[in-house]
Every structure is written in C-alpha cells, then in structure tokens.
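Listing of work.cif; format and content: mmCIF, C-alpha atoms and all ligand atoms.
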data_work
#
loop_
_atom_site.label_atom_id
_atom_site.label_comp_id
_atom_site.auth_asym_id
_atom_site.auth_seq_id
_atom_site.Cartn_x
_atom_site.Cartn_y
_atom_site.Cartn_z
CA MET E 1 95.41 -38.31 -44.66
CA GLN E 2 91.79 -37.32 -45.07
CA ILE E 3 89.11 -39.89 -44.32
CA LEU E 4 85.51 -39.46 -45.37
CA VAL E 5 83.01 -41.25 -43.13
CA ILE E 6 79.63 -41.87 -44.77
CA GLU E 7 77.32 -43.04 -42.02
CA ASP E 8 73.76 -41.97 -41.27
CA GLU E 9 73.73 -43.10 -37.65
CA ARG E 10 74.89 -39.93 -36.02
CA GLU E 11 76.23 -41.50 -32.86
CA LEU E 12 78.39 -43.98 -34.72
CA ARG E 13 79.55 -41.31 -37.16
CA GLU E 14 80.63 -39.03 -34.35
CA LEU E 15 82.32 -41.88 -32.56
CA LEU E 16 84.29 -42.70 -35.71
CA GLU E 17 85.13 -39.04 -36.28
CA TYR E 18 86.38 -38.75 -32.73
CA GLY E 19 88.31 -42.02 -32.80
CA LEU E 20 89.98 -41.40 -36.14
CA THR E 21 90.83 -37.81 -35.27
CA SER E 22 92.64 -39.00 -32.17
CA LEU E 23 94.61 -41.34 -34.44
CA ASN E 24 95.76 -38.21 -36.30
CA PHE E 25 93.61 -38.67 -39.37
CA LYS E 26 91.66 -35.74 -40.74
CA VAL E 27 88.03 -36.72 -40.83
CA THR E 28 84.99 -35.44 -42.67
CA GLY E 29 81.61 -36.90 -41.83
CA ALA E 30 78.66 -37.22 -44.21
CA GLY E 31 75.19 -38.38 -43.19
CA ASN E 32 74.28 -39.40 -46.71
CA ALA E 33 76.03 -40.49 -49.90
CA ASN E 34 74.73 -37.62 -52.04
CA ASP E 35 76.72 -35.03 -50.08
CA ALA E 36 79.69 -37.35 -50.13
CA LEU E 37 79.80 -37.49 -53.94
CA ILE E 38 80.69 -33.82 -54.10
CA LEU E 39 83.64 -34.31 -51.78
CA VAL E 40 84.85 -37.29 -53.81
CA GLU E 41 84.62 -35.31 -57.03
CA GLU E 42 86.80 -32.65 -55.48
CA GLY E 43 89.37 -35.36 -54.80
CA ILE E 44 89.29 -34.61 -51.12
CA PRO E 45 89.26 -37.97 -49.33
CA ASP E 46 92.24 -40.33 -49.32
CA LEU E 47 89.99 -43.11 -48.05
CA ILE E 48 86.26 -43.63 -47.57
CA LEU E 49 84.41 -45.54 -44.85
CA LEU E 50 81.05 -46.42 -46.34
CA ASP E 51 77.89 -47.57 -44.63
CA LEU E 52 75.55 -49.48 -46.97
CA MET E 53 72.06 -48.70 -45.71
CA LEU E 54 71.68 -44.95 -46.10
CA PRO E 55 68.87 -42.49 -46.67
CA GLY E 56 68.63 -41.66 -50.39
CA LEU E 57 71.51 -42.95 -52.45
CA GLN E 58 72.54 -46.39 -51.15
CA GLY E 59 76.10 -47.37 -50.33
CA LEU E 60 76.50 -49.74 -53.27
CA GLN E 61 74.98 -47.22 -55.70
CA PHE E 62 77.43 -44.63 -54.41
CA LEU E 63 80.27 -47.07 -54.95
CA ASP E 64 79.13 -47.76 -58.52
CA ILE E 65 79.11 -44.06 -59.34
CA VAL E 66 82.54 -43.49 -57.82
CA ARG E 67 84.09 -46.45 -59.65
CA ARG E 68 82.40 -45.57 -62.95
CA LYS E 69 84.18 -42.24 -62.79
CA ASN E 70 87.46 -44.11 -62.35
CA GLN E 71 87.95 -42.71 -58.89
CA THR E 72 90.43 -45.08 -57.31
CA VAL E 73 90.08 -43.81 -53.75
CA PRO E 74 90.13 -46.80 -51.35
CA VAL E 75 86.71 -47.66 -49.93
CA ILE E 76 86.10 -49.78 -46.83
CA ILE E 77 82.50 -50.84 -46.33
CA ILE E 78 81.28 -50.79 -42.74
CA SER E 79 77.98 -52.59 -42.48
CA ALA E 80 75.65 -54.48 -40.20
CA ARG E 81 75.06 -56.85 -43.12
CA THR E 82 77.51 -59.58 -42.33
CA GLY E 83 76.48 -62.39 -44.67
CA GLU E 84 79.05 -63.83 -47.05
CA GLU E 85 76.90 -62.79 -50.01
CA ASP E 86 76.82 -59.18 -48.80
CA ILE E 87 80.58 -59.09 -48.39
CA ILE E 88 81.18 -60.59 -51.85
CA LYS E 89 78.71 -58.14 -53.40
CA GLY E 90 80.44 -55.19 -51.74
CA LEU E 91 83.83 -56.25 -53.00
CA GLU E 92 82.45 -56.87 -56.48
CA HIS E 93 81.04 -53.37 -56.55
CA GLY E 94 84.54 -52.04 -56.03
CA ALA E 95 85.09 -51.88 -52.28
CA ASP E 96 88.66 -52.54 -51.13
CA ASP E 97 87.64 -54.10 -47.85
CA TYR E 98 84.58 -54.95 -45.80
CA LEU E 99 84.27 -54.55 -42.07
CA PRO E 100 81.18 -56.06 -40.40
CA LYS E 101 79.66 -54.02 -37.57
CA PRO E 102 80.35 -53.92 -34.72
CA PHE E 103 84.12 -53.59 -34.92
CA SER E 104 86.90 -52.29 -32.71
CA MET E 105 88.84 -49.11 -33.42
CA ARG E 106 92.02 -51.22 -33.42
CA LEU E 107 90.77 -53.40 -36.25
CA LEU E 108 89.47 -50.38 -38.14
CA GLU E 109 92.82 -48.62 -37.79
CA ALA E 110 94.68 -51.68 -39.09
CA LYS E 111 92.31 -51.99 -42.07
CA ILE E 112 92.65 -48.30 -42.91
CA LYS E 113 96.43 -48.39 -42.75
CA ALA E 114 96.55 -51.51 -44.92
CA ALA E 115 94.22 -49.97 -47.51
CA LEU E 116 96.26 -46.74 -47.62
CA ARG E 117 99.48 -48.73 -47.94
CA ARG E 118 98.07 -50.71 -50.87
CA ALA E 119 96.89 -47.52 -52.51
CA GLY E 120 100.35 -46.00 -52.05
CA GLY E 121 98.79 -42.64 -51.34
CA SER E 122 96.06 -41.19 -53.49
CA PRO E 123 97.33 -40.15 -56.95
CA ALA E 124 95.99 -36.66 -56.44
CA HIS E 125 98.17 -36.36 -53.39
CA SER E 126 101.54 -37.53 -54.65
CA GLY E 127 104.20 -35.62 -56.47
CA THR E 128 105.00 -31.94 -56.35
CA ILE E 129 102.22 -29.57 -57.30
CA VAL E 130 103.21 -26.47 -59.21
CA SER E 131 101.14 -23.34 -59.70
CA GLY E 132 102.95 -20.43 -61.28
CA ASP E 133 106.21 -20.30 -59.32
CA VAL E 134 104.62 -21.70 -56.17
CA THR E 135 105.44 -25.35 -55.46
CA VAL E 136 103.98 -27.66 -52.85
CA ASP E 137 105.34 -31.12 -52.07
CA PRO E 138 102.78 -33.14 -50.07
CA GLU E 139 105.30 -35.91 -49.31
CA SER E 140 107.88 -33.75 -47.55
CA ARG E 141 105.29 -31.09 -46.66
CA ARG E 142 107.53 -28.37 -48.08
CA ALA E 143 106.40 -25.32 -49.96
CA ALA E 144 108.39 -22.80 -51.96
CA VAL E 145 107.89 -19.54 -53.80
CA ALA E 146 110.23 -18.94 -56.76
CA GLY E 147 112.51 -21.70 -55.44
CA GLU E 148 112.73 -20.17 -51.96
CA ALA E 149 111.37 -22.42 -49.20
CA ILE E 150 108.73 -20.87 -46.98
CA GLN E 151 107.97 -21.97 -43.43
CA LEU E 152 104.33 -22.82 -42.93
CA THR E 153 102.38 -24.23 -40.02
CA GLN E 154 100.50 -27.48 -40.59
CA LYS E 155 97.19 -25.73 -41.28
CA GLU E 156 98.77 -23.12 -43.53
CA PHE E 157 100.42 -25.90 -45.50
CA ASP E 158 97.11 -27.77 -45.82
CA LEU E 159 95.38 -24.60 -46.99
CA LEU E 160 98.02 -23.84 -49.61
CA SER E 161 98.00 -27.46 -50.88
CA LEU E 162 94.25 -27.36 -51.27
CA PHE E 163 94.39 -24.04 -53.13
CA VAL E 164 97.13 -24.99 -55.57
CA ARG E 165 95.52 -28.39 -56.30
CA LYS E 166 92.31 -26.71 -57.38
CA PRO E 167 93.13 -23.42 -59.07
CA GLU E 168 90.14 -21.16 -59.75
CA LYS E 169 87.92 -23.30 -57.56
CA VAL E 170 85.82 -21.37 -55.06
CA PHE E 171 86.13 -22.68 -51.52
CA THR E 172 83.60 -21.45 -49.01
CA ARG E 173 84.79 -20.86 -45.47
CA ASN E 174 82.71 -23.83 -44.35
CA GLN E 175 84.32 -26.12 -46.93
CA LEU E 176 87.75 -25.00 -45.78
CA LEU E 177 86.80 -25.53 -42.14
CA ASN E 178 85.46 -29.02 -42.84
CA THR E 179 88.35 -30.05 -45.03
CA ILE E 180 91.32 -28.58 -43.21
CA TRP E 181 90.14 -28.65 -39.63
CA GLY E 182 87.77 -31.59 -39.91
CA TYR E 183 86.33 -32.65 -36.64
CA GLU E 184 87.79 -30.26 -34.12
CA ALA E 185 86.14 -28.31 -31.35
CA GLU E 186 83.97 -25.30 -32.12
CA LEU E 187 85.52 -23.32 -34.90
CA VAL E 188 84.33 -20.15 -36.48
CA SER E 189 85.00 -18.92 -39.98
CA ARG E 190 87.31 -16.28 -38.53
CA THR E 191 89.74 -19.16 -38.00
CA VAL E 192 89.91 -19.61 -41.76
CA ASP E 193 90.34 -15.89 -42.35
CA ALA E 194 93.15 -15.68 -39.82
CA HIS E 195 95.02 -18.59 -41.37
CA VAL E 196 94.55 -17.26 -44.88
CA ALA E 197 95.89 -13.89 -43.75
CA MET E 198 99.02 -15.52 -42.29
CA LEU E 199 99.49 -17.68 -45.38
CA ARG E 200 99.20 -14.64 -47.65
CA LYS E 201 101.86 -12.85 -45.66
CA LYS E 202 104.24 -15.80 -45.95
CA LEU E 203 103.66 -16.08 -49.70
CA GLY E 204 104.85 -12.51 -50.17
CA ALA E 205 103.80 -11.11 -53.55
CA ARG E 206 102.16 -14.47 -54.34
CA GLY E 207 99.79 -13.91 -51.44
CA ALA E 208 97.69 -11.90 -53.87
CA TRP E 209 96.98 -15.16 -55.72
CA ILE E 210 94.59 -16.09 -52.94
CA LYS E 211 91.51 -14.13 -53.94
CA THR E 212 88.82 -13.21 -51.45
CA LEU E 213 85.21 -13.58 -52.54
CA PRO E 214 83.35 -11.37 -50.10
CA LYS E 215 80.87 -13.29 -47.93
CA ILE E 216 81.68 -16.54 -49.79
CA GLY E 217 85.25 -17.66 -49.35
CA TYR E 218 88.49 -17.92 -51.27
CA LEU E 219 90.07 -19.19 -54.44
CA TRP E 220 93.59 -19.57 -55.79
CA SER E 221 94.34 -17.84 -59.06
CA ALA E 222 97.98 -18.04 -60.12
CA GLY E 223 99.35 -15.12 -62.05
CA GLY E 224 96.27 -13.05 -61.43
CA CA V 1 72.87 -47.01 -41.96
#
Show how you would write the structure in this file as structure tokens.
Ligand code: CA
Amino acid sequence: MQILVIEDERELRELLEYGLTSLNFKVTGAGNANDALILVEEGIPDLILLDLMLPGLQGLQFLDIVRRKNQTVPVIIISARTGEEDIIKGLEHGADDYLPKPFSMRLLEAKIKAALRRAGGSPAHSGTIVSGDVTVDPESRRAAVAGEAIQLTQKEFDLLSLFVRKPEKVFTRNQLLNTIWGYEAELVSRTVDAHVAMLRKKLGARGAWIKTLPKIGYLWSAGG
C-alpha cells in the first residue's frame, strides 16, 4: 500500500516517512500540494495524509480538486488546527478522517488501516490487470506471461504492475525510485536499471515491451 504524505514541515514529514516505512507501507513524501496532485492523477497513492497549512496550494483546496475529479483515494487530514469547526470543514471538503497534531504513530496506524479497510483497496489496485498476454494480479501478487506464471521479486512485481497499469506512460528513473522504493536508504538510478534488466529477462520475449528512453527512463508498450 502506497501512502502519500503531504507535509511541509520537513522534520515531521521525514518522521512520518520513517515511521510508516517501518510499518511496511510504501511512502512518498511531498512538501507541497502542487507536486502531490501529479502523483494523485497518476493514481499512485492508496491513501493520503494531508497537512492543511501548506506553501502554495492549501490542503483544503487540494482536497477540493481531488474530489472534483472524482478521485476516491482516502484522505486523512493531519493538522494543528484542532477546533471542531476545522474538523467539520475538513470532513465536508471530502476528507475521510481528521487527526489533530500531535498524534502517536499507534493512533495514526489504526486510522490508516481503518480508512484502507473502508475503501476496500483503491479501485485502481484491485482486479487483474491485463496488457497483451501479460497479466498482473495485485491481490495475490502473481504475474503471468501467456498464462505461464513467472516468479518475480517484490520490487520486480511492483515495477511490472506500475508499467502495465499505465501503458505508454513515460516513467523517469526518479519517479520509479520514489514510487517503488519510496523512502529507503540512498539509492541510485542504477538500482532501477538493474531491476528493469532482471524483470525483462523474466518476461522473456515480452521483456521487449519495456522500452528504454535513453537518459529519461522507461515505458511499457504492449505488442510493440
Ligand atoms: Ca504546515
């Protein structure tokens, strides 16, 4: 499950990234809501933690945009504004929950799990995805080429799922690093290249469907 943390206070953001990563969530951090919109449009997060007072686009404005586009991704507001009016306003703007700062990681974890349970998994992430004769099932984390199961590592599976969900979309190495690896130690783009190379090998002839864009990144093009 991928969690997007939109928080401009760097220390808190990093603390959340660290805490949630150790709870086995994949985490992407954003210091402002404008950057975050792009990630939401790509259907990347399964849940969003949203600070309200941000530089540029404000938390509630962000929420309005997301909900206007019928994005149903669960949003939990995390805010130092703890008045009843603030909480009601947040929920009315389309937040699923509201967590006043400061809060414990235990409470945050419980709120996240409850929100994910209610959402029943993001629609973009349920059901088998088919691209050409390559199938990916996010529930069982199984992948197959022409009906034959292939054995992938966790990261290879995540890479393939991302590719087949967004055919013809260009992913830069940095996007892949942020999305698949999230907050993990120092990683270089060679990590992405190495995993793509392994994934290609395991896909056999279908490995050619992962196109390299020199100096940019990769995209999935079935049948090409
Ligand atoms: Ca803030």
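Take atom CA of E:Pro100 and atom CA of E:Leu50: the distance between them is 11.3 Å.
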>> Could you list, as number ranges by chain, every residue within 10 Å of E:Glu14, counting only C-alpha atoms and ignoring same-chain residues fewer than 4 positions away?
In response: E: 5, 7, 9-10, 18-20, 29, 183
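Atom CA of E:Tyr98 lies 9.1 Å from atom CA of E:Lys111.
Residue nearest ligand CA 1 (chain V) within the list E:Lys202, E:Lys215, E:Arg81, E:Arg173: E:Arg81 [criterion: smallest interatomic distance, all atoms listed in the file].
Near E:Asn70, within 12 Å and counting only C-alpha atoms, sit Val40, Glu41, Gly43, Leu63, Asp64, Ile65, Val66, Arg67, Val73, Pro74, Gly94 and Pro123 of chain E; same-chain residues fewer than 3 positions away were not included.
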Which protein, DNA or RNA residues have an atom within 7 Å of ligand CA 1 (chain V), counting all atoms listed in the file, as a tab-separated table (two decimals) with C-alpha atoms, keeping the file's coordinate frame?
chain	number	residue	atom	x	y	z
E	7	GLU	CA	77.32	-43.04	-42.02
E	8	ASP	CA	73.76	-41.97	-41.27
E	9	GLU	CA	73.73	-43.10	-37.65
E	51	ASP	CA	77.89	-47.57	-44.63
E	52	LEU	CA	75.55	-49.48	-46.97
E	53	MET	CA	72.06	-48.70	-45.71
E	54	LEU	CA	71.68	-44.95	-46.10
> Quick one: residues within 12 Å of E:Glu148, all atoms listed in the file counted, chain neighbours fewer than 2 positions away excluded, as a ChimeraX atom specification?
Replying inline: /E:133-136,142-146,150-151,202-204
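Near (83.1, -56.4, -43.3), the residues inside the 8 Å limit, counting all atoms listed in the file, come to Ile77, Ile78, Ser79, Thr82, Ile87, Asp97, Tyr98, Leu99, Pro100 and Lys101 of chain E.
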Could you save the residues just selected, with C-alpha atoms, as an mmCIF file, keeping the file's coordinate frame?
data_model
loop_
_atom_site.group_PDB
_atom_site.id
_atom_site.type_symbol
_atom_site.label_atom_id
_atom_site.label_comp_id
_atom_site.auth_asym_id
_atom_site.auth_seq_id
_atom_site.Cartn_x
_atom_site.Cartn_y
_atom_site.Cartn_z
ATOM 1 C CA ILE E 77 82.500 -50.840 -46.330
ATOM 2 C CA ILE E 78 81.280 -50.790 -42.740
ATOM 3 C CA SER E 79 77.980 -52.590 -42.480
ATOM 4 C CA THR E 82 77.510 -59.580 -42.330
ATOM 5 C CA ILE E 87 80.580 -59.090 -48.390
ATOM 6 C CA ASP E 97 87.640 -54.100 -47.850
ATOM 7 C CA TYR E 98 84.580 -54.950 -45.800
ATOM 8 C CA LEU E 99 84.270 -54.550 -42.070
ATOM 9 C CA PRO E 100 81.180 -56.060 -40.400
ATOM 10 C CA LYS E 101 79.660 -54.020 -37.570
#
> Nearest to E:Val164: which of E:Val188, E:Ala222, E:Leu47, E:Ala197 is it, counting all atoms listed in the file?
Replying inline: E:Ala222
> Which value, in Å to one decimal, gives the distance between atom CA of E:Ala115 and atom CA of E:Leu152?
Replying inline: 29.3 Å
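Using all atoms listed in the file, the contacts of E:Lys166 at a cut-off of 10 Å, with sequence neighbours closer than 6 positions omitted, comprise Glu42, Gly43, Ser131, Leu219, Trp220 and Ser221 of chain E.
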